Amino acid sequence: MSDTDSPAISTPVVGPGAPVGPLAAQRGLRRGWSALRESKGGLLILSLLVGAGAGGGALVFRWLIETFTLLLSGHGDYSAAGHAADPHVPWMGRYFVLAAPVLAGLVYGPLVHRFAREARGHGVPEVMYAVARRGGRIPSQVAAVKALASALCIGGGGSVGREGPIVQIGSALGSTLGTWVKVAEDRLRVLVACGAAGGIAATFNAPLAGVFFAMELILRDFTAEAFGMVVLASVTASVIGRASFGNTPFLDLPPFHVQHLAQYGLFALLGLLAGVVGVAFSKVLYRIEDTCDALWRGPEWARPAVGGVLLGGLLLVLPQMYGVGYPVLQDALAGRYALLFLLALLVGKMVATSLTIGIGGSGGVFAPSLFMGAMLGSFFGRATGDLLPHVAGPAGAYGLIGMGAVFAGAARAPITAVIILFELTGEYTIILPLMAAIVLATGVSRMLTGETIYTAKLRRRGVDIDAPAPGTPAAALTVREAMGPTPVPLAETTTLAQAADALARSPHGALPVLAQDGAYRGIATARTVAETLADDTHATTVGAIAHLPPTVTPSTALDSALRSLAGADSQALPVLDEGRTHLIGWISHRSILTALDHADIQRPTRHSDPGHP
């Protein structure tokens, strides 16, 4: 074959004018997909998408609630209608409330049981569990099922709130998007928090509250990157919400002011009472749920409908318990109810919310806690006004503060309580007494119980989200298994120049400091000594610059010691005796990794039994 007959060999054209082939397009697509999954810019884009999705989900969810409420009660919000009849079935009179919860339960009971059992209850504990134990993974169908079930429950008279559902809806959207893109677990958790923040922000027109709710209750960790992404999602969702609902506070309340310094003492007393009420709400909620569990013997899908008869009976007596009840809350703050009736509404809401969740309903506990706080605060304000007319001031101010304080006592989230009350009401004038009451309520709650209304649900299932995940080596180890010998300590009279030489030879850049009698005085770090020498301060001995790091003892859990070590300004920490007075050991990242590695090697031997879980 001649040269002219040989087949032509195509040479790829390279340059600006070169055509883009399928292979190059695929490579570009893979690079873009990888950047979306792994880069900070990609996480930013995903956060914005989750925020937009949560905002849209909040719009749909609120529309569903309004639609089902109108369909099942004939009113936009039956809690403000008294004992009025349903115009759709006027022949039933006020007794239609016996049927509304039953009809709603017949629909959402089988829906939840068949497609997403996570949608039962108030929703936030399930999201907390997904973040702490499942890497942020939430089944994709949860968003749709939760929206329908909660809207039906509230529309049919369920005395629950919409914050829990919208948190779970937004979080499920964030988890679904992150799972589809295949982001790493740490980023998936952030996207779940973005969804929670976006849902709160759009539903309540409260972007700051959404951010701190997600950080304090869902992520439980304030990292700069996570905070920035959650803020972006919250702002995006809030813009969508304000475009639909307007730029006004969620609750329309008259202005209140602190008129007398003596009122601060009354606000403090209210905070103490609110902490007790918040804890009582949690206890009553789970006690009634336990009672419903013990009495029910039928199929779970029928439980909401059958239990709806009891809820309907309660609504027949107190129609103000129908649904979320924000109009009733505003009327209480405006002073439109008698003194004793405020207490009846407080107890009624506690029972109605607990019964709604106990029979298998779906809805949140945030709005009910605000409702109870408003009743408690209004009662307290009215009562003190009668006793101290020249000191107490307007009762509505106590109602506002009671709202935040009861939520803080139940959820033990003081930052969220302060921010969310401020944004829901737009009242800045009571911020100081609000903060005081919330801190006191949180302290009372911590003294009375080791659980919150959210974590109690998980602990009842044997889950402690503050502990390491079961099955990990850190879950079973203590500092005793990881600590090493104590390095040569520094006497507190050692000069800074001598200490600098000793610290330079130290592998961890830190050494313990002891008094002349051997008592522990703290540690000195190379950085502190160097900065002191450079600043030419009056300190001349190492005892003057020694500081006390987090206390670690042999019985301290290894995961807790690791967190303390991560937050310390040194690479090692001293181990003290159980009396916390004398130095007995030394722990570092290296010794912890060695202990974990040893435990990991031994694990197959311990779990060799096939029947071991």
# chains A, B, ... in the order shown; residues from 1 in each chain; ligands from 1

call {"tool": "residues_around", "arguments": {"residues": "Ala233 (chain A)", "least_positions_apart": "2", "cutoff": "8 Å", "atoms": "only C-alpha atoms", "output": "NGL selection string"}}
result
:A and (47-52 or 194-195 or 197-198 or 229-231 or 235-237)

call {"tool": "write_last_selection", "arguments": {"atoms": "C-alpha atoms", "output": "mmCIF file, in the first residue's frame"}}
result
data_model
loop_
_atom_site.group_PDB
_atom_site.id
_atom_site.type_symbol
_atom_site.label_atom_id
_atom_site.label_comp_id
_atom_site.auth_asym_id
_atom_site.auth_seq_id
_atom_site.Cartn_x
_atom_site.Cartn_y
_atom_site.Cartn_z
ATOM 1 C CA SER A 47 -26.421 26.303 51.698
ATOM 2 C CA LEU A 48 -28.217 28.867 49.543
ATOM 3 C CA LEU A 49 -30.160 26.112 47.797
ATOM 4 C CA VAL A 50 -31.160 24.545 51.109
ATOM 5 C CA GLY A 51 -32.221 27.944 52.450
ATOM 6 C CA ALA A 52 -34.355 28.561 49.368
ATOM 7 C CA CYS A 194 -29.131 25.114 57.265
ATOM 8 C CA GLY A 195 -32.512 23.543 56.567
ATOM 9 C CA ALA A 197 -32.505 27.527 60.339
ATOM 10 C CA GLY A 198 -34.208 28.312 57.049
ATOM 11 C CA MET A 229 -23.376 28.800 56.039
ATOM 12 C CA VAL A 230 -26.317 28.658 58.440
ATOM 13 C CA VAL A 231 -26.583 32.462 58.311
ATOM 14 C CA VAL A 235 -31.212 34.941 55.266
ATOM 15 C CA THR A 236 -32.227 33.296 51.985
ATOM 16 C CA ALA A 237 -35.252 31.625 53.562
#

call {"tool": "select_by_dssp", "arguments": {"residues": "region 516-608 of chain A", "states": "strand (DSSP E or B)", "output": "PyMOL selection string"}}
result
chain A and resi 520-525+541+547+557+572-576+583-588

call {"tool": "residues_around", "arguments": {"residues": "Gly82 (chain A)", "least_positions_apart": "4", "cutoff": "12 Å", "atoms": "only C-alpha atoms", "output": "number ranges by chain"}}
result
A: 73, 75, 77-78, 86, 93-94, 97, 315-322, 325, 327-328

call {"tool": "write_last_selection", "arguments": {"atoms": "N, CA and C atoms", "output": "compact mmCIF listing (two decimals), in the first residue's frame"}}
result
# COMPACT_ATOMS: atom_id res chain seq x y z
N SER A 73 -62.54 23.00 60.29
CA SER A 73 -63.23 23.79 61.31
C SER A 73 -64.11 24.88 60.73
N HIS A 75 -63.09 27.80 59.98
CA HIS A 75 -62.58 29.08 60.43
C HIS A 75 -61.09 29.17 60.12
N ASP A 77 -58.85 30.39 62.13
CA ASP A 77 -58.20 29.94 63.36
C ASP A 77 -59.29 29.77 64.41
N TYR A 78 -59.67 28.54 64.64
CA TYR A 78 -60.82 28.28 65.50
C TYR A 78 -60.55 28.61 66.97
N ASP A 86 -69.13 24.95 63.06
CA ASP A 86 -68.45 24.87 61.76
C ASP A 86 -69.48 25.19 60.67
N GLY A 93 -73.37 22.06 65.39
CA GLY A 93 -73.09 23.04 66.42
C GLY A 93 -71.63 23.01 66.84
N ARG A 94 -71.40 23.26 68.11
CA ARG A 94 -70.02 23.26 68.60
C ARG A 94 -69.45 21.85 68.77
N VAL A 97 -66.16 19.65 67.08
CA VAL A 97 -64.77 19.47 67.54
C VAL A 97 -64.53 18.04 68.01
N LEU A 315 -61.30 19.86 73.67
CA LEU A 315 -61.59 21.05 72.86
C LEU A 315 -63.02 21.52 73.05
N LEU A 316 -63.91 20.62 73.36
CA LEU A 316 -65.29 21.00 73.61
C LEU A 316 -65.40 21.88 74.86
N VAL A 317 -64.55 21.60 75.84
CA VAL A 317 -64.53 22.39 77.08
C VAL A 317 -63.73 23.67 76.89
N LEU A 318 -62.55 23.55 76.25
CA LEU A 318 -61.65 24.69 76.04
C LEU A 318 -61.34 24.82 74.55
N PRO A 319 -62.20 25.46 73.77
CA PRO A 319 -61.92 25.59 72.34
C PRO A 319 -60.68 26.43 72.05
N GLN A 320 -60.19 27.17 73.05
CA GLN A 320 -58.96 27.96 72.87
C GLN A 320 -57.74 27.07 72.65
N MET A 321 -57.86 25.78 72.92
CA MET A 321 -56.76 24.85 72.72
C MET A 321 -56.67 24.36 71.28
N TYR A 322 -57.59 24.74 70.42
CA TYR A 322 -57.61 24.27 69.03
C TYR A 322 -56.42 24.83 68.27
N GLY A 325 -52.91 28.41 68.42
CA GLY A 325 -53.47 29.29 69.45
C GLY A 325 -52.83 30.64 69.61
N PRO A 327 -53.81 33.62 68.41
CA PRO A 327 -54.76 34.68 68.78
C PRO A 327 -55.09 34.69 70.27
N VAL A 328 -55.17 33.52 70.87
CA VAL A 328 -55.43 33.43 72.31
C VAL A 328 -54.26 34.01 73.08

call {"tool": "select_by_dssp", "arguments": {"residues": "region 493-611 of chain A", "states": "alpha helix (DSSP H)", "output": "JSON, numbers by chain"}}
result
{"A": [496, 497, 498, 499, 500, 501, 502, 503, 504, 505, 526, 527, 528, 529, 530, 531, 532, 533, 534, 535, 558, 559, 560, 561, 562, 563, 564, 565, 566, 567, 589, 590, 591, 592, 593, 594, 595, 596, 597, 598, 599, 600, 601, 602, 603, 604, 605, 606]}

call {"tool": "residues_around", "arguments": {"residues": "Gly543 (chain A)", "least_positions_apart": "5", "cutoff": "9 Å", "atoms": "only C-alpha atoms", "output": "number ranges by chain"}}
result
A: 490-495, 513-515, 521-524

call {"tool": "atom_distance", "arguments": {"atom1": "CA of Glu578 (chain A)", "atom2": "CA of Ala566 (chain A)"}}
result
22.0 Å

call {"tool": "atom_distance", "arguments": {"atom1": "CA of Ile288 (chain A)", "atom2": "CA of Val351 (chain A)"}}
result
8.2 Å

call {"tool": "residues_around", "arguments": {"residues": "Pro368 (chain A)", "least_positions_apart": "5", "cutoff": "8 Å", "atoms": "only C-alpha atoms", "output": "number ranges by chain"}}
result
A: 159-161, 324, 349-350, 353

call {"tool": "closest_residue", "arguments": {"among": "A:Glu300, A:Val306, A:Thr69, A:Leu261", "to": "His390 (chain A)", "atoms": "only C-alpha atoms"}}
result
A:Leu261

call {"tool": "closest_residue", "arguments": {"among": "A:Ile465, A:Leu345, A:Leu533, A:Ala332", "to": "Gly381 (chain A)", "atoms": "only C-alpha atoms"}}
result
A:Ala332

call {"tool": "residues_around", "arguments": {"residues": "Gly377 (chain A)", "least_positions_apart": "5", "cutoff": "6 Å", "atoms": "only C-alpha atoms", "output": "number ranges by chain"}}
result
A: 398-399, 402

call {"tool": "closest_residue", "arguments": {"among": "A:Thr525, A:Ala81, A:His257, A:Ala206", "to": "Ile431 (chain A)", "atoms": "only C-alpha atoms"}}
result
A:His257

call {"tool": "closest_residue", "arguments": {"among": "A:Val239, A:Ala500, A:Ala280, A:Leu208", "to": "Thr449 (chain A)", "atoms": "only C-alpha atoms"}}
result
A:Ala280
